[in-house]
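Shown next: query-v4.cif, containing mmCIF, C-alpha atoms.
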```cif
data_data
loop_
_atom_site.label_atom_id
_atom_site.label_comp_id
_atom_site.auth_asym_id
_atom_site.auth_seq_id
_atom_site.Cartn_x
_atom_site.Cartn_y
_atom_site.Cartn_z
CA MET A 216 11.65 -22.30 -61.55
CA ASN A 217 12.15 -19.37 -63.96
CA VAL A 218 9.79 -16.57 -62.99
CA ILE A 219 9.20 -13.17 -64.59
CA VAL A 220 7.69 -10.36 -62.55
CA VAL A 221 6.39 -7.40 -64.58
CA GLY A 222 6.22 -4.14 -62.63
CA CYS A 223 8.66 -3.20 -59.88
CA GLY A 224 6.36 -1.21 -57.62
CA ARG A 225 5.77 -2.09 -53.99
CA LEU A 226 4.02 -5.35 -54.78
CA GLY A 227 6.38 -6.35 -57.61
CA SER A 228 9.59 -5.67 -55.68
CA GLU A 229 8.33 -7.55 -52.62
CA LEU A 230 7.16 -10.48 -54.74
CA ALA A 231 10.43 -10.66 -56.68
CA TYR A 232 12.43 -10.72 -53.45
CA ARG A 233 10.28 -13.43 -51.88
CA LEU A 234 10.54 -15.60 -54.99
CA PHE A 235 14.28 -15.10 -55.00
CA GLN A 236 14.47 -16.14 -51.32
CA GLN A 237 12.55 -19.32 -52.21
CA GLY A 238 15.37 -20.17 -54.60
CA HIS A 239 13.70 -19.27 -57.93
CA ARG A 240 15.46 -17.63 -60.86
CA VAL A 241 13.70 -14.27 -60.99
CA THR A 242 13.69 -11.61 -63.71
CA ILE A 243 11.93 -8.35 -62.96
CA VAL A 244 10.82 -5.92 -65.68
CA ASP A 245 10.01 -2.23 -65.35
CA ASN A 246 10.06 0.68 -67.77
CA VAL A 247 11.87 2.98 -65.34
CA ALA A 248 15.30 2.04 -64.03
CA VAL A 249 14.86 3.86 -60.67
CA ALA A 250 12.01 1.46 -59.82
CA PHE A 251 14.66 -1.23 -59.22
CA ASP A 252 15.89 0.82 -56.24
CA ARG A 253 12.86 -0.58 -54.36
CA LEU A 254 14.35 -4.08 -54.51
CA ASP A 255 15.97 -5.44 -51.37
CA PRO A 256 19.77 -5.00 -51.59
CA ALA A 257 20.11 -8.77 -51.11
CA PHE A 258 18.05 -9.50 -54.29
CA ARG A 259 20.17 -11.40 -56.82
CA GLY A 260 17.83 -11.72 -59.76
CA ARG A 261 17.92 -10.08 -63.17
CA THR A 262 16.46 -6.64 -63.86
CA VAL A 263 15.29 -5.71 -67.36
CA GLU A 264 14.46 -2.10 -68.16
CA GLY A 265 11.90 -1.56 -70.92
CA GLU A 266 8.26 -1.51 -71.98
CA ALA A 267 6.62 -4.84 -71.20
CA LEU A 268 4.58 -4.78 -74.42
CA SER A 269 7.71 -4.82 -76.54
CA LYS A 270 8.50 -8.23 -78.02
CA GLU A 271 12.19 -7.55 -77.66
CA VAL A 272 11.86 -6.71 -73.93
CA LEU A 273 9.75 -9.81 -73.18
CA GLU A 274 12.24 -12.01 -74.98
CA ARG A 275 15.19 -10.36 -73.27
CA ALA A 276 13.44 -11.16 -69.96
CA GLY A 277 13.48 -14.82 -71.03
CA ILE A 278 9.76 -15.37 -71.63
CA ASP A 279 10.52 -18.30 -73.94
CA GLU A 280 11.90 -20.30 -70.99
CA ALA A 281 9.65 -18.91 -68.23
CA ASP A 282 7.74 -21.34 -66.00
CA GLY A 283 5.71 -18.56 -64.42
CA LEU A 284 4.87 -14.90 -64.99
CA ALA A 285 3.21 -12.38 -62.69
CA SER A 286 2.07 -9.06 -64.13
CA VAL A 287 1.61 -6.76 -61.14
CA THR A 288 1.81 -3.19 -62.48
CA ASN A 289 -0.81 -0.64 -61.44
CA SER A 290 -2.37 -0.72 -64.92
CA ASP A 291 -5.04 -3.42 -65.24
CA THR A 292 -5.05 -3.26 -69.03
CA LEU A 293 -1.27 -3.58 -69.26
CA ASN A 294 -1.42 -6.57 -66.89
CA ALA A 295 -4.14 -8.15 -69.05
CA VAL A 296 -2.23 -7.70 -72.30
CA VAL A 297 1.08 -8.98 -70.90
CA ALA A 298 -0.57 -11.99 -69.25
CA HIS A 299 -2.70 -12.92 -72.27
CA THR A 300 0.35 -12.69 -74.54
CA ALA A 301 2.42 -14.80 -72.14
CA ARG A 302 -0.27 -17.48 -72.08
CA THR A 303 -1.25 -17.58 -75.75
CA ILE A 304 1.92 -16.69 -77.66
CA TYR A 305 4.64 -17.94 -75.32
CA LYS A 306 2.66 -20.74 -73.61
CA VAL A 307 3.91 -19.79 -70.14
CA PRO A 308 2.29 -22.48 -67.94
CA ASN A 309 1.53 -20.37 -64.89
CA VAL A 310 0.38 -16.77 -65.26
CA VAL A 311 -1.04 -14.51 -62.54
CA VAL A 312 -2.25 -10.91 -62.77
CA ARG A 313 -2.84 -8.24 -60.21
CA ASN A 314 -6.17 -6.43 -60.30
CA TYR A 315 -5.55 -2.83 -59.25
CA ASP A 316 -8.85 -1.02 -59.90
CA PRO A 317 -11.72 -3.19 -58.57
CA ASN A 318 -14.03 -1.74 -61.28
CA LEU A 319 -11.83 -3.35 -63.92
CA ARG A 320 -11.85 -6.86 -62.46
CA PRO A 321 -14.40 -8.01 -65.10
CA VAL A 322 -11.86 -7.07 -67.79
CA LEU A 323 -9.31 -9.49 -66.37
CA GLU A 324 -12.00 -12.13 -65.91
CA ALA A 325 -12.89 -11.84 -69.62
CA PHE A 326 -9.38 -13.06 -70.40
CA GLY A 327 -9.85 -16.03 -68.06
CA LEU A 328 -6.77 -15.10 -66.04
CA GLN A 329 -5.79 -16.01 -62.46
CA ILE A 330 -6.38 -12.79 -60.56
CA VAL A 331 -5.21 -11.33 -57.28
CA SER A 332 -7.23 -8.23 -56.33
CA SER A 333 -4.76 -6.50 -54.05
CA THR A 334 -6.94 -3.45 -53.45
CA SER A 335 -10.21 -5.27 -52.68
CA TRP A 336 -8.39 -7.84 -50.62
CA GLY A 337 -6.71 -5.17 -48.47
CA ALA A 338 -9.97 -3.28 -47.98
CA GLN A 339 -11.81 -6.47 -47.03
CA ARG A 340 -9.21 -7.43 -44.39
CA VAL A 341 -9.23 -3.95 -42.84
CA GLU A 342 -13.03 -4.06 -42.78
CA GLU A 343 -12.89 -7.41 -40.98
CA LEU A 344 -10.54 -6.06 -38.34
CA LEU A 345 -12.62 -2.93 -37.81
CA SER A 346 -15.81 -4.95 -37.41
CA GLY A 347 -14.23 -6.53 -34.33
CA ILE A 348 -15.38 -10.07 -35.08
CA ALA A 349 -12.60 -12.60 -35.17
CA VAL A 350 -13.02 -13.98 -38.70
CA HIS A 351 -10.16 -14.52 -41.07
CA THR A 352 -9.44 -16.36 -44.29
CA VAL A 353 -7.26 -19.45 -44.05
CA PHE A 354 -7.61 -20.75 -47.60
CA SER A 355 -8.66 -19.20 -50.87
CA ALA A 356 -9.87 -21.42 -53.73
CA GLY A 357 -9.80 -20.48 -57.43
CA ASN A 358 -9.89 -16.72 -57.78
CA GLY A 359 -11.28 -16.36 -54.26
CA GLU A 360 -14.93 -17.07 -55.06
CA VAL A 361 -14.93 -19.67 -52.30
CA GLU A 362 -12.76 -19.28 -49.20
CA VAL A 363 -12.33 -21.12 -45.93
CA TYR A 364 -12.78 -18.79 -42.96
CA GLU A 365 -11.74 -19.34 -39.38
CA ILE A 366 -14.15 -18.00 -36.76
CA VAL A 367 -13.73 -17.76 -33.00
CA VAL A 368 -17.12 -18.53 -31.44
CA PRO A 369 -18.24 -15.45 -29.44
CA GLU A 370 -19.88 -15.52 -25.98
CA ASN A 371 -23.39 -15.01 -27.23
CA TRP A 372 -23.26 -18.40 -28.96
CA GLN A 373 -22.18 -20.34 -25.87
CA GLY A 374 -24.30 -23.51 -25.45
CA ARG A 375 -26.16 -23.18 -28.76
CA LYS A 376 -26.15 -25.67 -31.63
CA LEU A 377 -24.12 -25.21 -34.77
CA GLY A 378 -27.20 -26.03 -36.90
CA GLU A 379 -28.96 -23.03 -35.39
CA MET A 380 -26.13 -20.72 -36.41
CA LEU A 381 -25.95 -22.08 -39.94
CA SER A 382 -29.73 -21.96 -40.48
CA GLU A 383 -29.35 -18.18 -40.56
CA ALA A 384 -26.33 -18.25 -42.84
CA GLU A 385 -26.97 -20.38 -45.89
CA GLN A 386 -24.14 -21.45 -48.19
CA CYS A 387 -21.82 -22.03 -45.19
CA LEU A 388 -20.29 -25.51 -45.00
CA PRO A 389 -18.65 -26.29 -41.64
CA VAL A 390 -15.39 -28.18 -42.24
CA ALA A 391 -13.72 -28.39 -38.80
CA LEU A 392 -14.20 -27.46 -35.15
CA THR A 393 -11.19 -27.05 -32.86
CA ARG A 394 -11.64 -27.11 -29.09
CA ALA A 395 -8.69 -27.07 -26.69
CA GLY A 396 -6.28 -27.87 -29.49
CA ARG A 397 -8.19 -30.91 -30.80
CA SER A 398 -10.16 -30.76 -34.01
CA SER A 399 -13.20 -32.77 -35.06
CA LEU A 400 -15.77 -32.84 -37.85
CA PRO A 401 -18.74 -30.82 -36.61
CA THR A 402 -22.40 -31.66 -37.25
CA ALA A 403 -25.56 -29.58 -36.95
CA GLU A 404 -26.01 -31.07 -33.45
CA THR A 405 -22.59 -29.95 -32.18
CA VAL A 406 -23.01 -27.66 -29.17
CA LEU A 407 -20.76 -24.60 -29.36
CA GLN A 408 -18.60 -23.19 -26.61
CA THR A 409 -17.11 -19.73 -26.37
CA GLY A 410 -13.58 -19.76 -27.84
CA ASP A 411 -14.18 -22.73 -30.16
CA VAL A 412 -12.44 -22.25 -33.49
CA LEU A 413 -14.81 -23.07 -36.35
CA ASP A 414 -13.68 -23.41 -39.99
CA VAL A 415 -16.33 -22.86 -42.63
CA SER A 416 -16.11 -22.96 -46.40
CA THR A 417 -18.25 -20.26 -48.01
CA THR A 418 -18.67 -17.41 -50.51
CA ALA A 419 -18.47 -13.66 -49.92
CA GLU A 420 -22.28 -13.53 -49.48
CA GLY A 421 -22.20 -16.47 -47.09
CA ILE A 422 -19.59 -14.93 -44.81
CA ALA A 423 -21.47 -11.62 -44.78
CA ALA A 424 -24.61 -13.45 -43.56
CA LEU A 425 -22.58 -15.35 -40.97
CA ARG A 426 -21.02 -12.16 -39.63
CA THR A 427 -24.43 -10.59 -39.16
CA CYS A 428 -25.66 -13.59 -37.24
CA LEU A 429 -22.49 -13.74 -35.09
CA ALA A 430 -22.82 -10.08 -34.19
CA ARG A 431 -26.45 -10.45 -33.05
CA LYS A 432 -26.52 -10.35 -29.27
CA GLU A 433 -29.98 -11.85 -28.79
CA ALA A 434 -30.43 -15.58 -28.97
CA MET B 9 -24.51 1.42 -89.38
CA PHE B 10 -23.69 2.00 -85.69
CA VAL B 11 -20.06 2.69 -84.81
CA ILE B 12 -18.66 3.03 -81.29
CA ILE B 13 -15.48 5.04 -81.01
CA ALA B 14 -13.64 4.34 -77.77
CA GLY B 15 -11.40 7.30 -76.94
CA GLY B 16 -12.16 10.92 -77.73
CA GLY B 17 -8.69 12.29 -78.45
CA ARG B 18 -7.82 13.95 -81.77
CA THR B 19 -8.13 10.71 -83.73
CA GLY B 20 -11.45 9.70 -82.20
CA ALA B 21 -13.00 13.15 -82.61
CA GLN B 22 -11.83 13.47 -86.20
CA LEU B 23 -13.17 10.03 -87.05
CA ALA B 24 -16.52 10.85 -85.43
CA SER B 25 -17.01 14.01 -87.53
CA ALA B 26 -16.02 12.17 -90.70
CA LEU B 27 -18.47 9.34 -90.01
CA LEU B 28 -21.26 11.75 -89.05
CA SER B 29 -20.95 13.54 -92.37
CA GLU B 30 -21.40 10.13 -94.04
CA ASN B 31 -24.61 9.65 -91.99
CA TYR B 32 -23.31 6.89 -89.76
CA GLN B 33 -24.73 6.48 -86.29
CA VAL B 34 -21.79 7.26 -83.99
CA LEU B 35 -21.04 7.31 -80.27
CA VAL B 36 -17.74 8.54 -78.81
CA VAL B 37 -16.95 7.12 -75.35
CA GLU B 38 -14.60 9.22 -73.23
CA HIS B 39 -14.20 10.08 -69.55
CA ARG B 40 -11.30 12.50 -69.30
CA ARG B 41 -12.64 15.94 -68.27
CA GLU B 42 -10.18 17.92 -70.36
CA LEU B 43 -11.18 16.05 -73.52
CA LEU B 44 -14.91 16.05 -72.83
CA SER B 45 -15.23 19.83 -72.87
CA ARG B 46 -13.58 19.93 -76.29
CA LEU B 47 -15.69 17.05 -77.60
CA HIS B 48 -18.90 18.80 -76.55
CA ARG B 49 -17.77 21.91 -78.44
CA GLU B 50 -16.80 20.05 -81.61
CA LEU B 51 -19.47 17.36 -81.83
CA PRO B 52 -23.23 17.15 -81.28
CA THR B 53 -23.70 16.52 -77.55
CA GLU B 54 -25.87 13.43 -78.05
CA ILE B 55 -23.03 11.48 -79.67
CA VAL B 56 -20.66 11.95 -76.70
CA TYR B 57 -21.02 9.23 -74.08
CA GLU B 58 -19.35 10.00 -70.76
CA GLY B 59 -17.62 7.08 -69.11
CA SER B 60 -14.39 5.16 -69.12
CA PRO B 61 -14.24 3.18 -72.38
CA ILE B 62 -12.29 0.32 -70.81
CA ASN B 63 -15.07 -0.36 -68.32
CA PRO B 64 -17.30 -3.11 -69.77
CA GLN B 65 -20.37 -1.77 -67.94
CA VAL B 66 -19.92 1.61 -69.60
CA LEU B 67 -19.63 -0.02 -73.02
CA GLU B 68 -22.72 -2.07 -72.39
CA ARG B 69 -24.75 0.98 -71.37
CA ALA B 70 -23.46 2.80 -74.46
CA GLY B 71 -25.09 0.01 -76.51
CA ILE B 72 -22.05 -1.92 -77.71
CA ARG B 73 -24.19 -5.03 -78.27
CA ASN B 74 -25.85 -3.25 -81.20
CA ALA B 75 -22.65 -1.84 -82.68
CA GLN B 76 -21.42 -3.16 -86.03
CA VAL B 77 -18.00 -1.60 -85.59
CA LEU B 78 -15.77 -0.75 -82.65
CA ALA B 79 -12.90 1.66 -83.25
CA ALA B 80 -10.40 1.60 -80.37
CA THR B 81 -8.62 4.94 -80.67
CA THR B 82 -7.35 5.69 -77.17
CA ASP B 83 -3.76 6.88 -76.78
CA THR B 84 -2.75 3.78 -74.79
CA ASP B 85 -2.00 0.58 -76.68
CA ALA B 86 -2.84 -1.71 -73.75
CA ASN B 87 -6.27 -0.06 -73.48
CA ASN B 88 -6.91 -0.47 -77.20
CA LEU B 89 -5.93 -4.16 -77.13
CA VAL B 90 -8.13 -4.89 -74.12
CA LEU B 91 -11.01 -3.01 -75.77
CA CYS B 92 -10.74 -5.11 -78.93
CA TYR B 93 -10.63 -8.34 -76.96
CA MET B 94 -13.65 -7.44 -74.80
CA ALA B 95 -15.63 -6.16 -77.77
CA ARG B 96 -15.54 -9.56 -79.45
CA GLU B 97 -15.36 -11.85 -76.41
CA MET B 98 -18.07 -10.19 -74.29
CA PHE B 99 -20.17 -8.29 -76.84
CA ASN B 100 -19.62 -10.08 -80.13
CA VAL B 101 -18.91 -6.95 -82.19
CA PRO B 102 -18.54 -8.02 -85.84
CA ARG B 103 -15.79 -5.62 -86.93
CA ILE B 104 -13.01 -4.28 -84.75
CA ILE B 105 -10.46 -1.65 -85.68
CA ALA B 106 -7.63 -0.41 -83.48
CA ARG B 107 -5.15 2.41 -83.47
CA VAL B 108 -1.51 1.52 -82.80
CA ASN B 109 0.19 4.31 -80.86
CA ASN B 110 3.69 2.92 -80.55
CA PRO B 111 4.91 1.09 -83.67
CA ARG B 112 6.87 -1.25 -81.37
CA ASN B 113 3.58 -2.63 -80.07
CA ALA B 114 2.21 -3.31 -83.55
CA TRP B 115 3.11 -7.02 -83.27
CA LEU B 116 0.36 -7.49 -80.67
CA PHE B 117 -2.46 -6.12 -82.84
CA ASN B 118 -3.77 -9.31 -84.41
CA GLU B 119 -6.40 -12.02 -84.01
CA ASN B 120 -4.94 -12.95 -80.61
CA PHE B 121 -6.65 -9.80 -79.30
CA HIS B 122 -9.46 -9.96 -81.91
CA VAL B 123 -8.09 -7.00 -83.87
CA ASP B 124 -9.47 -7.15 -87.43
CA VAL B 125 -7.64 -4.07 -88.69
CA ALA B 126 -4.71 -2.29 -87.03
CA LEU B 127 -3.90 1.23 -88.07
CA ASN B 128 -0.44 2.36 -87.31
CA SER B 129 -0.47 6.10 -88.02
CA ALA B 130 3.27 6.56 -87.67
CA ASN B 131 3.89 3.82 -90.23
CA VAL B 132 1.21 4.95 -92.67
CA LEU B 133 2.62 8.47 -92.64
CA ALA B 134 6.26 7.39 -92.97
CA HIS B 135 5.23 5.18 -95.85
CA LEU B 136 3.34 7.93 -97.66
CA ILE B 137 6.21 10.38 -97.29
CA GLN B 138 8.68 7.85 -98.61
CA GLU B 139 6.41 7.14 -101.54
CA GLU B 140 5.93 10.82 -102.35
CA MET B 141 9.70 11.34 -102.32
CA SER B 142 10.36 8.54 -104.75
CA LEU B 143 7.61 9.14 -107.26
CA GLY B 144 8.04 12.64 -108.65
CA ASP B 145 4.79 14.19 -109.84
CA MET B 146 2.62 11.13 -109.69
CA MET B 147 -0.46 11.71 -107.60
CA THR B 148 -2.23 9.03 -105.56
CA LEU B 149 -5.99 9.47 -105.90
CA LEU B 150 -7.16 6.51 -103.91
CA LYS B 151 -5.71 3.75 -101.77
CA LEU B 152 -7.25 0.32 -102.21
CA ARG B 153 -6.96 -2.72 -99.95
CA ARG B 154 -5.32 -0.85 -97.06
CA GLY B 155 -2.82 0.81 -99.32
CA ARG B 156 -1.55 -2.27 -101.14
CA TYR B 157 -2.98 -0.97 -104.42
CA SER B 158 -3.52 2.61 -105.51
CA LEU B 159 -5.33 4.57 -108.17
CA VAL B 160 -2.68 6.99 -109.43
CA GLU B 161 -2.66 9.83 -111.92
CA GLU B 162 0.15 11.49 -113.85
CA LYS B 163 0.38 13.90 -116.75
CA ILE B 164 2.96 12.92 -119.33
CA PRO B 165 5.65 15.62 -119.51
CA PRO B 166 7.74 16.54 -122.60
CA GLY B 167 10.49 14.04 -123.29
CA ALA B 168 9.01 11.16 -121.27
CA LYS B 169 10.06 7.68 -122.40
CA ALA B 170 6.43 6.56 -122.82
CA ILE B 171 5.54 9.08 -125.54
CA GLY B 172 4.64 7.37 -128.85
CA ILE B 173 4.70 3.88 -127.37
CA ALA B 174 1.65 1.57 -127.50
CA ILE B 175 0.43 0.43 -124.08
CA LYS B 176 1.07 -3.24 -124.94
CA ASP B 177 4.73 -2.38 -125.55
CA LEU B 178 5.24 -0.47 -122.28
CA ASP B 179 6.21 -3.71 -120.55
CA LEU B 180 4.05 -2.99 -117.52
CA PRO B 181 4.18 -5.43 -114.62
CA ASP B 182 1.22 -7.81 -114.03
CA GLN B 183 -0.17 -5.86 -111.11
CA CYS B 184 -0.51 -2.61 -113.07
CA VAL B 185 -3.32 -1.60 -115.44
CA ILE B 186 -3.89 1.69 -117.23
CA ALA B 187 -7.56 2.39 -116.53
CA ALA B 188 -8.17 5.62 -118.48
CA ILE B 189 -6.43 8.36 -120.43
CA ILE B 190 -7.68 11.93 -120.38
CA ARG B 191 -6.64 13.58 -123.63
CA HIS B 192 -7.67 17.19 -124.46
CA GLY B 193 -10.37 16.96 -121.78
CA LYS B 194 -11.91 13.75 -123.15
CA VAL B 195 -11.69 10.26 -121.77
CA VAL B 196 -9.97 7.73 -124.01
CA VAL B 197 -10.59 4.11 -123.03
CA PRO B 198 -7.16 2.54 -123.35
CA ARG B 199 -6.54 -0.57 -125.45
CA GLY B 200 -3.30 -2.44 -126.01
CA ASN B 201 -2.57 -0.55 -129.21
CA THR B 202 -3.40 2.92 -127.84
CA THR B 203 -0.22 5.03 -127.92
CA LEU B 204 0.52 7.57 -125.25
CA GLU B 205 0.91 11.22 -126.19
CA LEU B 206 2.45 14.31 -124.62
CA GLU B 207 0.16 15.91 -121.97
CA ASP B 208 -2.01 12.79 -121.64
CA GLU B 209 -3.33 12.40 -118.12
CA VAL B 210 -2.96 8.72 -117.34
CA LEU B 211 -4.98 6.97 -114.62
CA ALA B 212 -3.70 3.59 -113.51
CA ILE B 213 -4.53 1.00 -110.89
CA THR B 214 -1.32 -0.48 -109.61
CA ASP B 215 0.68 -1.97 -106.77
CA GLN B 216 3.93 -0.42 -105.61
CA ASP B 217 6.18 -2.11 -108.18
CA GLY B 218 3.88 -0.90 -110.94
CA THR B 219 3.94 2.61 -109.51
CA ARG B 220 7.72 2.69 -109.77
CA ARG B 221 7.68 1.39 -113.33
CA LEU B 222 5.11 4.05 -114.32
CA ALA B 223 7.15 6.77 -112.64
CA GLU B 224 10.13 5.70 -114.70
CA LEU B 225 8.19 5.68 -118.00
CA PHE B 226 6.53 9.03 -117.35
CA ALA B 227 9.54 10.91 -115.99
CA PRO B 228 10.91 13.85 -117.97
CA PRO B 229 14.42 13.19 -119.31
CA GLY B 230 17.25 13.76 -116.88
CA LYS B 231 15.08 13.40 -113.82
CA ASN B 232 16.47 10.79 -111.58
CA ILE B 233 13.82 8.52 -110.11
CA LYS B 234 14.79 7.10 -106.77
CA GLN B 235 14.13 3.45 -106.24
CA GLY B 236 13.67 3.85 -102.52
CA GLY B 237 10.09 2.67 -102.01
CA THR B 238 9.41 0.10 -99.34
CA ALA B 239 7.84 -3.26 -99.87
CA PRO B 240 4.25 -3.59 -98.68
CA PRO B 241 3.95 -5.16 -95.18
#
```
Re-express the file's structure as structure tokens.
Amino acid sequence: MNVIVVGCGRLGSELAYRLFQQGHRVTIVDNVAVAFDRLDPAFRGRTVEGEALSKEVLERAGIDEADGLASVTNSDTLNAVVAHTARTIYKVPNVVVRNYDPNLRPVLEAFGLQIVSSTSWGAQRVEELLSGIAVHTVFSAGNGEVEVYEIVVPENWQGRKLGEMLSEAEQCLPVALTRAGRSSLPTAETVLQTGDVLDVSTTAEGIAALRTCLARKEA
Amino acid sequence: MFVIIAGGGRTGAQLASALLSENYQVLVVEHRRELLSRLHRELPTEIVYEGSPINPQVLERAGIRNAQVLAATTDTDANNLVLCYMAREMFNVPRIIARVNNPRNAWLFNENFHVDVALNSANVLAHLIQEEMSLGDMMTLLKLRRGRYSLVEEKIPPGAKAIGIAIKDLDLPDQCVIAAIIRHGKVVVPRGNTTLELEDEVLAITDQDGTRRLAELFAPPGKNIKQGGTAPP
């Protein structure tokens, strides 16, 4: 696959190197040549120095033959313009943008782009770890509106029914329960044991409600 | 008419004062501290809206849904393009005008980002200078249709080719019409058989080819008229 990465910051250089390791033909674009120093010395893709809004630079990067483009600079508006141009003018089939400032996420949404919010995502994960409850995302659908979370059932839920837990957290769909290495499809009547691994599909609001109810010590 | 100007740099501020003097309702949206203090000094405080113009919530609070025109005049082309796109896509603004900062980015300013009119100041200026250099004493009074046509004026100097020739025999190009002649302080409405005289002030509506032909006809003898004008975009 021919992939163009726009922006050779920390995210861009890491992404370009990973794509290269996966065997893709990678071209990375940045307007300052020293940015390419961030690339792993083993990277064997193309580097193109220049402004990503310039037609000549985009074409030199091979946008006419690109199968995918990721615009991951720290400017949300630049990412939006590059991605929209790639999609509409050059018909690049797969285009992804990075959202840097969470306040500007609606701007990227207005363009109907596939978005990765690196800042919000990082903050959310750190928050999860600090809260001490073992919940983490295992699958992210669409732009992350719905995600599948994996939860380790805490002691205070030992012997109680799954239906009881979910009655306090609406919008949570249980998709699997793993006990001693064997998984099954749980029902509302399933009795929980400490250490069970429960997978639920839910939204950001749903997981917030579920966390609150997991943290509650009283039955 | 309500106009929102996104970006309060020199261009935005200048535009705001010009529109205010024409009695437009104007709001300038800007968030950079260093620019805000100047804006508050130069413009009435109530027309300065503090907030980042690329934030859709800020635009909405500023009343963009009621705006007839959005002028995107920030100093960053990506911001201006995104502003234009959001203005139409999210707020349905009927007329959208954008400033092009870097002429290399001009190719992006079109309907793909919902830009109705793109103003490329570097180009406009270069164009005007080039035109001034090639046209001697002819004066442009008014630009029509984004500069494609102009209302020009020139006084006929001694020895000009056009003296004593009837307008119908001047062999003017199709896109060039002599609109009025001011002779001894009076307006003469030109007809095909009107002949031009020394010191006539001629007003013409013309495109660029016509302007060059007029410059040639009205030049004093021995003055070399350059043919270096550029074609319209």
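This file, queried with the PyMOL selection byres ((chain B) within 10 of (chain A)), gives the residues Ile62, Asn63, Pro64, Gln65, Thr84, Asp85, Ala86, Asn87, Asn88, Leu89, Val90, Leu91, Tyr93, Met94, Glu97, Met98, Asn110, Pro111, Arg112, Asn113, Ala114, Trp115, Leu116, Asn120 and Phe121 of chain B.
Note on the selection: in this file the PyMOL selection byres ((chain A and resi 217) around 10) comes out as A:Met216, A:Val218, A:Ile219, A:Leu234, A:Gly238, A:His239, A:Arg240, A:Val241, A:Thr242, A:Gly277, A:Ile278, A:Glu280, A:Ala281, A:Asp282, A:Gly283, A:Leu284.
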Margin query: (1.7, 15.4, -117.7) in this file's frame - what residues fall within 9 Å of it? Use all atoms listed in the file and give the answer as a list in words.
Written below: Asp145, Glu162, Lys163, Ile164, Pro165, Pro166, Leu206, Glu207, Asp208, Glu209, Val210 and Phe226 of chain B
Next item on the list: Apply the PyMOL selection byres ((chain A and resi 422) around 12) to the structure shown and report the selected residues as a ChimeraX atom specification.
Entry: /A:339,343,348,350-352,360-366,381,383-389,414-421,423-429
Requested write-out: C-alpha atoms of the selected residues, as an mmCIF file, in the coordinates of the input:
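Writing done, so here's result.cif:
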```cif
data_model
loop_
_atom_site.group_PDB
_atom_site.id
_atom_site.type_symbol
_atom_site.label_atom_id
_atom_site.label_comp_id
_atom_site.auth_asym_id
_atom_site.auth_seq_id
_atom_site.Cartn_x
_atom_site.Cartn_y
_atom_site.Cartn_z
ATOM 1 C CA GLN A 339 -11.810 -6.470 -47.030
ATOM 2 C CA GLU A 343 -12.890 -7.410 -40.980
ATOM 3 C CA ILE A 348 -15.380 -10.070 -35.080
ATOM 4 C CA VAL A 350 -13.020 -13.980 -38.700
ATOM 5 C CA HIS A 351 -10.160 -14.520 -41.070
ATOM 6 C CA THR A 352 -9.440 -16.360 -44.290
ATOM 7 C CA GLU A 360 -14.930 -17.070 -55.060
ATOM 8 C CA VAL A 361 -14.930 -19.670 -52.300
ATOM 9 C CA GLU A 362 -12.760 -19.280 -49.200
ATOM 10 C CA VAL A 363 -12.330 -21.120 -45.930
ATOM 11 C CA TYR A 364 -12.780 -18.790 -42.960
ATOM 12 C CA GLU A 365 -11.740 -19.340 -39.380
ATOM 13 C CA ILE A 366 -14.150 -18.000 -36.760
ATOM 14 C CA LEU A 381 -25.950 -22.080 -39.940
ATOM 15 C CA GLU A 383 -29.350 -18.180 -40.560
ATOM 16 C CA ALA A 384 -26.330 -18.250 -42.840
ATOM 17 C CA GLU A 385 -26.970 -20.380 -45.890
ATOM 18 C CA GLN A 386 -24.140 -21.450 -48.190
ATOM 19 C CA CYS A 387 -21.820 -22.030 -45.190
ATOM 20 C CA LEU A 388 -20.290 -25.510 -45.000
ATOM 21 C CA PRO A 389 -18.650 -26.290 -41.640
ATOM 22 C CA ASP A 414 -13.680 -23.410 -39.990
ATOM 23 C CA VAL A 415 -16.330 -22.860 -42.630
ATOM 24 C CA SER A 416 -16.110 -22.960 -46.400
ATOM 25 C CA THR A 417 -18.250 -20.260 -48.010
ATOM 26 C CA THR A 418 -18.670 -17.410 -50.510
ATOM 27 C CA ALA A 419 -18.470 -13.660 -49.920
ATOM 28 C CA GLU A 420 -22.280 -13.530 -49.480
ATOM 29 C CA GLY A 421 -22.200 -16.470 -47.090
ATOM 30 C CA ALA A 423 -21.470 -11.620 -44.780
ATOM 31 C CA ALA A 424 -24.610 -13.450 -43.560
ATOM 32 C CA LEU A 425 -22.580 -15.350 -40.970
ATOM 33 C CA ARG A 426 -21.020 -12.160 -39.630
ATOM 34 C CA THR A 427 -24.430 -10.590 -39.160
ATOM 35 C CA CYS A 428 -25.660 -13.590 -37.240
ATOM 36 C CA LEU A 429 -22.490 -13.740 -35.090
#
```
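If you look at CA of Gln216 in chain B and CA of Asn201 in chain B, they are 24.5 Å away from each other.
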Check: Within 10 Å of Arg46 in chain B, counting all atoms listed in the file, which residues qualify if same-chain residues fewer than 4 places away don't, as a list in words?
Finding: Gly16, Gly17, Arg18, Ala21, Arg41, Glu42, Glu50 and Leu51 of chain B
Margin query: Can you measure CA of Gly374 in chain A to CA of Gln408 in chain A for me? One decimal in Å is fine.
Written below: 5.8 Å
Margin query: With only C-alpha atoms as the counted atoms, please give the residues lying no more than 12 Å from Thr53 in chain B, apart from itself and same-chain residues fewer than 4 positions off, as a ChimeraX atom specification.
Written below: /B:34-37,44-49,57-58
